[in-house]
Amino acid sequence: MIKMIKEKAYHCGLDDTIDIMQEIAIKKNKIKSIFEIEVLKVLKEFNKKYGTKFTLYLFYEKENFKLSDMPDDFKPEWEENSDWLRLSFHARTKKIPDAPYKNASYEVAKQDFWLVKNEILRFAGESVWDNYPRTHYWTGSLEAVKAWRDCGIDGLFYSYPGYPALFFDEERLKKLWNEDFYYDKNLGLIFLPTNINLIRSKEEISKRLKKLRNNRIIEAFCDDYNLLELKENMEMVIKWCIENKYEPAFYEEVFRKEKNSC
């Protein structure tokens, strides 16, 4: 049995993260802190001002860069800030296809997962790892999901309305979009909503938030390469969450697994 131990919680994520890592690698001899990177600087400002907690969901590679190129020089700083900034799995690559795990085998999903996680542990440390990944375009065949479960994750995200997700059919997704979360007893995984896409207009986001006012979980996201242009949208969502009594949290702080009573 899974129980929410926080009344209301919110969290922000950055998908498609790799540009930030490449910038750190390129500038490693010129910077003294990862927070000299503009995107990370903005996140730290929001954390300092509002207490917001963030997770970056990482690709392993893009053209001319791999996570294996990341220096471990800043590992102490990553660890020092892991109470509010964490890293997790997104996909192997930024290249097409856009739905990399829609029909993925168990072995491919497992291999890609460990490519990302092993590098995160190497350059950032165990405390920085977030055990609730968000896969690229929310894709994941049932075999892929089983692989990630066997790799030790606690849960995965599904899409916001209008987008497919994981192995769920359209009928199941319509129900999930109206739920705070879904616990699959057979898989032993928690499935979480992705509520707010920050790339929408302020008017659209405001309407979406009003529809979510009775939800206990608010999950907002954008991509690492468009955060700077969406900074105002992110702050608007954060302020709304605070005004409506949502607490910033990682999901390991939101859920507790309880034994069924006899």
# chains A, B, ... in the order shown; residues from 1 in each chain; ligands from 1
>>> select_by_dssp(residues="region 27-221 of chain A", states="helix (DSSP H, G or I)", output="count of residues only")
75
>>> closest_atom_pairs(of="region 88-145 of chain A", to="region 154-173 of chain A", cutoff="7 Å", atoms="only C-alpha atoms", output="Markdown table")
| residue | atom | partner | partner_atom | distance |
| --- | --- | --- | --- | --- |
| A:Lys102 | CA | A:Leu166 | CA | 6.9 |
| A:Asn131 | CA | A:Asp154 | CA | 5.8 |
| A:Tyr132 | CA | A:Gly155 | CA | 4.9 |
| A:Pro133 | CA | A:Leu156 | CA | 5.6 |
| A:Arg134 | CA | A:Phe157 | CA | 5.4 |
| A:Trp138 | CA | A:Ala165 | CA | 5.0 |
| A:Thr139 | CA | A:Leu166 | CA | 4.6 |
| A:Gly140 | CA | A:Leu166 | CA | 4.3 |
| A:Ser141 | CA | A:Phe167 | CA | 5.2 |
| A:Leu142 | CA | A:Phe167 | CA | 5.6 |
>>> atom_distance(atom1="CA of Ala144 (chain A)", atom2="CA of Asp184 (chain A)")
15.2 Å
>>> residues_around(residues="Trp114 (chain A)", least_positions_apart="5", cutoff="12 Å", atoms="only C-alpha atoms", output="VMD selection string")
chain A and resid 58 to 60 67 88 to 92 107 to 109 119 to 122 147 to 148 150 to 153
>>> closest_atom_pairs(of="region 81-109 of chain A", to="region 249-252 of chain A", cutoff="12 Å", atoms="only C-alpha atoms", output="tab-separated table")
residue	atom	partner	partner_atom	distance
A:Ser82	CA	A:Phe250	CA	10.6
A:Asp83	CA	A:Phe250	CA	9.0
A:Trp84	CA	A:Phe250	CA	8.1
A:Leu85	CA	A:Phe250	CA	9.4
A:Arg86	CA	A:Phe250	CA	8.9
A:Leu87	CA	A:Phe250	CA	11.3
A:Ser88	CA	A:Phe250	CA	12.0
>>> write_last_selection(atoms="N, CA and C atoms", output="PDB file, in the first residue's frame")
ATOM      1  N   SER A  82      22.225  18.713  -3.065  1.00  0.00           N
ATOM      2  CA  SER A  82      21.298  17.629  -3.399  1.00  0.00           C
ATOM      3  C   SER A  82      20.005  17.656  -2.590  1.00  0.00           C
ATOM      4  N   ASP A  83      19.924  18.513  -1.589  1.00  0.00           N
ATOM      5  CA  ASP A  83      18.672  18.653  -0.840  1.00  0.00           C
ATOM      6  C   ASP A  83      17.602  19.363  -1.667  1.00  0.00           C
ATOM      7  N   TRP A  84      18.023  20.033  -2.762  1.00  0.00           N
ATOM      8  CA  TRP A  84      17.035  20.713  -3.604  1.00  0.00           C
ATOM      9  C   TRP A  84      17.262  20.523  -5.108  1.00  0.00           C
ATOM     10  N   LEU A  85      18.419  19.996  -5.517  1.00  0.00           N
ATOM     11  CA  LEU A  85      18.733  19.831  -6.939  1.00  0.00           C
ATOM     12  C   LEU A  85      19.222  18.407  -7.191  1.00  0.00           C
ATOM     13  N   ARG A  86      18.502  17.685  -8.062  1.00  0.00           N
ATOM     14  CA  ARG A  86      18.862  16.293  -8.323  1.00  0.00           C
ATOM     15  C   ARG A  86      18.863  15.992  -9.821  1.00  0.00           C
ATOM     16  N   LEU A  87      19.397  14.824 -10.154  1.00  0.00           N
ATOM     17  CA  LEU A  87      19.545  14.396 -11.542  1.00  0.00           C
ATOM     18  C   LEU A  87      18.935  13.010 -11.712  1.00  0.00           C
ATOM     19  N   SER A  88      18.400  12.743 -12.924  1.00  0.00           N
ATOM     20  CA  SER A  88      17.838  11.425 -13.178  1.00  0.00           C
ATOM     21  C   SER A  88      17.886  11.103 -14.668  1.00  0.00           C
TER      22      SER A  88
END
>>> atom_distance(atom1="CA of Ile218 (chain A)", atom2="CA of Arg149 (chain A)")
23.6 Å
>>> atom_distance(atom1="CA of Pro100 (chain A)", atom2="CA of Glu38 (chain A)")
29.2 Å
>>> closest_residue(among="A:Val116, A:Pro76, A:Val145, A:Ile24", to="Ala104 (chain A)", atoms="only C-alpha atoms")
A:Val145
>>> select_by_dssp(residues="region 4-150 of chain A", states="strand (DSSP E)", output="PyMOL selection string")
chain A and resi 4+9-17+54-62+65-66+85-93
>>> write_last_selection(atoms="C-alpha atoms", output="short mmCIF file (atom, residue, chain, number, x, y, z; two decimals), in the first residue's frame")
data_model
loop_
_atom_site.label_atom_id
_atom_site.label_comp_id
_atom_site.auth_asym_id
_atom_site.auth_seq_id
_atom_site.Cartn_x
_atom_site.Cartn_y
_atom_site.Cartn_z
CA MET A 4 0.94 10.24 0.47
CA ALA A 9 3.32 18.83 -2.97
CA TYR A 10 4.87 20.46 -6.02
CA HIS A 11 8.07 19.81 -7.96
CA CYS A 12 9.73 21.22 -11.08
CA GLY A 13 11.73 19.31 -13.69
CA LEU A 14 13.91 20.11 -16.68
CA ASP A 15 13.73 17.54 -19.48
CA ASP A 16 16.18 17.00 -22.36
CA THR A 17 19.05 18.03 -20.10
CA PHE A 54 14.26 20.63 -9.04
CA THR A 55 15.25 17.52 -10.97
CA LEU A 56 17.15 17.52 -14.26
CA TYR A 57 16.37 14.55 -16.53
CA LEU A 58 19.47 13.72 -18.55
CA PHE A 59 20.33 12.42 -21.98
CA TYR A 60 23.53 10.40 -22.18
CA GLU A 61 24.71 11.94 -25.45
CA LYS A 62 24.22 14.52 -28.15
CA PHE A 65 29.26 15.33 -26.34
CA LYS A 66 28.59 12.46 -23.93
CA LEU A 85 18.73 19.83 -6.94
CA ARG A 86 18.86 16.29 -8.32
CA LEU A 87 19.54 14.40 -11.54
CA SER A 88 17.84 11.43 -13.18
CA PHE A 89 17.37 9.41 -16.36
CA HIS A 90 15.66 10.70 -19.52
CA ALA A 91 17.01 8.74 -22.50
CA ARG A 92 20.21 7.73 -24.24
CA THR A 93 20.18 10.34 -26.95
#
>>> closest_residue(among="A:Leu192, A:Val42, A:Ile242, A:Ala220", to="Asp180 (chain A)", atoms="only C-alpha atoms")
A:Leu192
>>> residues_around(residues="Met1 (chain A)", least_positions_apart="4", cutoff="12 Å", atoms="only C-alpha atoms", output="list in words")
Tyr182, Tyr183, Asp184, Lys185, Asn186, Gly188, Leu189, Ile190, Phe255, Arg256, Lys257, Glu258, Lys259, Asn260 and Ser261 of chain A
>>> write_last_selection(atoms="C-alpha atoms", output="compact mmCIF listing (two decimals), in the first residue's frame")
# COMPACT_ATOMS: atom_id res chain seq x y z
CA TYR A 182 -1.38 5.61 -9.67
CA TYR A 183 0.26 2.73 -7.83
CA ASP A 184 0.60 -0.49 -9.80
CA LYS A 185 0.77 -3.32 -7.26
CA ASN A 186 1.92 -5.84 -9.83
CA GLY A 188 5.45 -2.18 -7.56
CA LEU A 189 5.79 1.28 -9.13
CA ILE A 190 4.21 4.69 -8.58
CA PHE A 255 5.18 8.75 -0.54
CA ARG A 256 5.55 6.00 2.03
CA LYS A 257 5.07 2.32 1.39
CA GLU A 258 3.01 0.67 4.12
CA LYS A 259 2.37 -2.99 4.85
CA ASN A 260 -1.19 -4.16 4.41
CA SER A 261 -2.87 -4.93 7.71
>>> closest_residue(among="A:Leu198, A:Ile26, A:Met236, A:Ile2", to="Asp223 (chain A)", atoms="only C-alpha atoms")
A:Leu198
>>> closest_residue(among="A:Lys27, A:Arg200, A:Lys53, A:Glu232", to="Glu247 (chain A)", atoms="only C-alpha atoms")
A:Lys53
>>> residues_around(residues="Lys41 (chain A)", least_positions_apart="4", cutoff="12 Å", atoms="only C-alpha atoms", output="PyMOL selection string")
chain A and resi 20+33-37+45-48+85+227-228+231
>>> write_last_selection(atoms="N, CA and C atoms", output="CSV table (one decimal), in the first residue's frame")
chain,number,residue,atom,x,y,z
A,20,ILE,N,23.3,21.9,-20.6
A,20,ILE,CA,23.9,22.4,-19.3
A,20,ILE,C,25.2,21.6,-19.0
A,33,SER,N,32.1,27.4,-10.0
A,33,SER,CA,30.9,26.8,-9.5
A,33,SER,C,30.0,26.5,-10.6
A,34,ILE,N,29.2,25.4,-10.5
A,34,ILE,CA,28.2,25.0,-11.5
A,34,ILE,C,27.1,26.1,-11.6
A,35,PHE,N,27.0,26.9,-10.6
A,35,PHE,CA,26.0,27.9,-10.6
A,35,PHE,C,26.4,29.2,-11.3
A,36,GLU,N,27.5,29.1,-12.0
A,36,GLU,CA,27.9,30.2,-12.9
A,36,GLU,C,27.3,29.9,-14.3
A,37,ILE,N,26.8,28.7,-14.5
A,37,ILE,CA,26.0,28.4,-15.6
A,37,ILE,C,24.6,29.0,-15.5
A,45,GLU,N,18.4,30.6,-7.7
A,45,GLU,CA,17.7,31.8,-7.2
A,45,GLU,C,16.3,31.4,-6.8
A,46,PHE,N,15.6,30.5,-7.6
A,46,PHE,CA,14.2,30.1,-7.2
A,46,PHE,C,14.2,29.3,-5.9
A,47,ASN,N,15.3,28.5,-5.7
A,47,ASN,CA,15.3,27.7,-4.5
A,47,ASN,C,15.5,28.6,-3.3
A,48,LYS,N,16.4,29.6,-3.5
A,48,LYS,CA,16.7,30.5,-2.4
A,48,LYS,C,15.5,31.3,-2.0
A,85,LEU,N,18.4,20.0,-5.5
A,85,LEU,CA,18.7,19.8,-6.9
A,85,LEU,C,19.2,18.4,-7.2
A,227,LEU,N,14.5,27.1,-20.6
A,227,LEU,CA,14.2,27.6,-19.2
A,227,LEU,C,14.3,29.2,-19.2
A,228,LEU,N,15.4,29.7,-19.7
A,228,LEU,CA,15.7,31.1,-19.6
A,228,LEU,C,14.5,32.0,-20.2
A,231,LYS,N,11.4,31.6,-17.8
A,231,LYS,CA,11.6,31.9,-16.4
A,231,LYS,C,10.4,32.5,-15.7
>>> residues_around(residues="Pro71 (chain A)", least_positions_apart="5", cutoff="8 Å", atoms="only C-alpha atoms", output="compact mmCIF listing (two decimals) with C-alpha atoms, in the first residue's frame")
# COMPACT_ATOMS: atom_id res chain seq x y z
CA ALA A 25 32.46 20.51 -19.38
CA LYS A 28 35.37 23.60 -16.34
CA PHE A 123 30.40 13.08 -11.54
>>> closest_residue(among="A:Thr194, A:Ser127, A:Asn103, A:Gln111", to="Trp177 (chain A)", atoms="only C-alpha atoms")
A:Thr194
>>> closest_residue(among="A:Asn244, A:Ser68, A:Glu79, A:Glu235", to="Lys210 (chain A)", atoms="only C-alpha atoms")
A:Asn244
>>> decode(residues="region 216-232 of chain A", atoms="C-alpha atoms", output="PDB file, in the first residue's frame")
ATOM      1  CA  ARG A 216      -2.566  17.119  -4.371  1.00  0.00           C
ATOM      2  CA  ILE A 217       0.424  16.999  -6.744  1.00  0.00           C
ATOM      3  CA  ILE A 218       1.616  19.674  -9.164  1.00  0.00           C
ATOM      4  CA  GLU A 219       4.475  18.754 -11.513  1.00  0.00           C
ATOM      5  CA  ALA A 220       5.754  21.492 -13.848  1.00  0.00           C
ATOM      6  CA  PHE A 221       8.399  21.071 -16.524  1.00  0.00           C
ATOM      7  CA  CYS A 222      10.231  22.600 -19.456  1.00  0.00           C
ATOM      8  CA  ASP A 223      13.472  21.717 -21.262  1.00  0.00           C
ATOM      9  CA  ASP A 224      16.937  22.783 -20.170  1.00  0.00           C
ATOM     10  CA  TYR A 225      17.442  24.816 -23.356  1.00  0.00           C
ATOM     11  CA  ASN A 226      14.282  26.928 -22.992  1.00  0.00           C
ATOM     12  CA  LEU A 227      14.173  27.647 -19.250  1.00  0.00           C
ATOM     13  CA  LEU A 228      15.671  31.119 -19.589  1.00  0.00           C
ATOM     14  CA  GLU A 229      12.881  32.262 -21.903  1.00  0.00           C
ATOM     15  CA  LEU A 230      10.283  30.578 -19.681  1.00  0.00           C
ATOM     16  CA  LYS A 231      11.619  31.896 -16.377  1.00  0.00           C
ATOM     17  CA  GLU A 232       8.550  34.075 -15.761  1.00  0.00           C
TER      18      GLU A 232
END
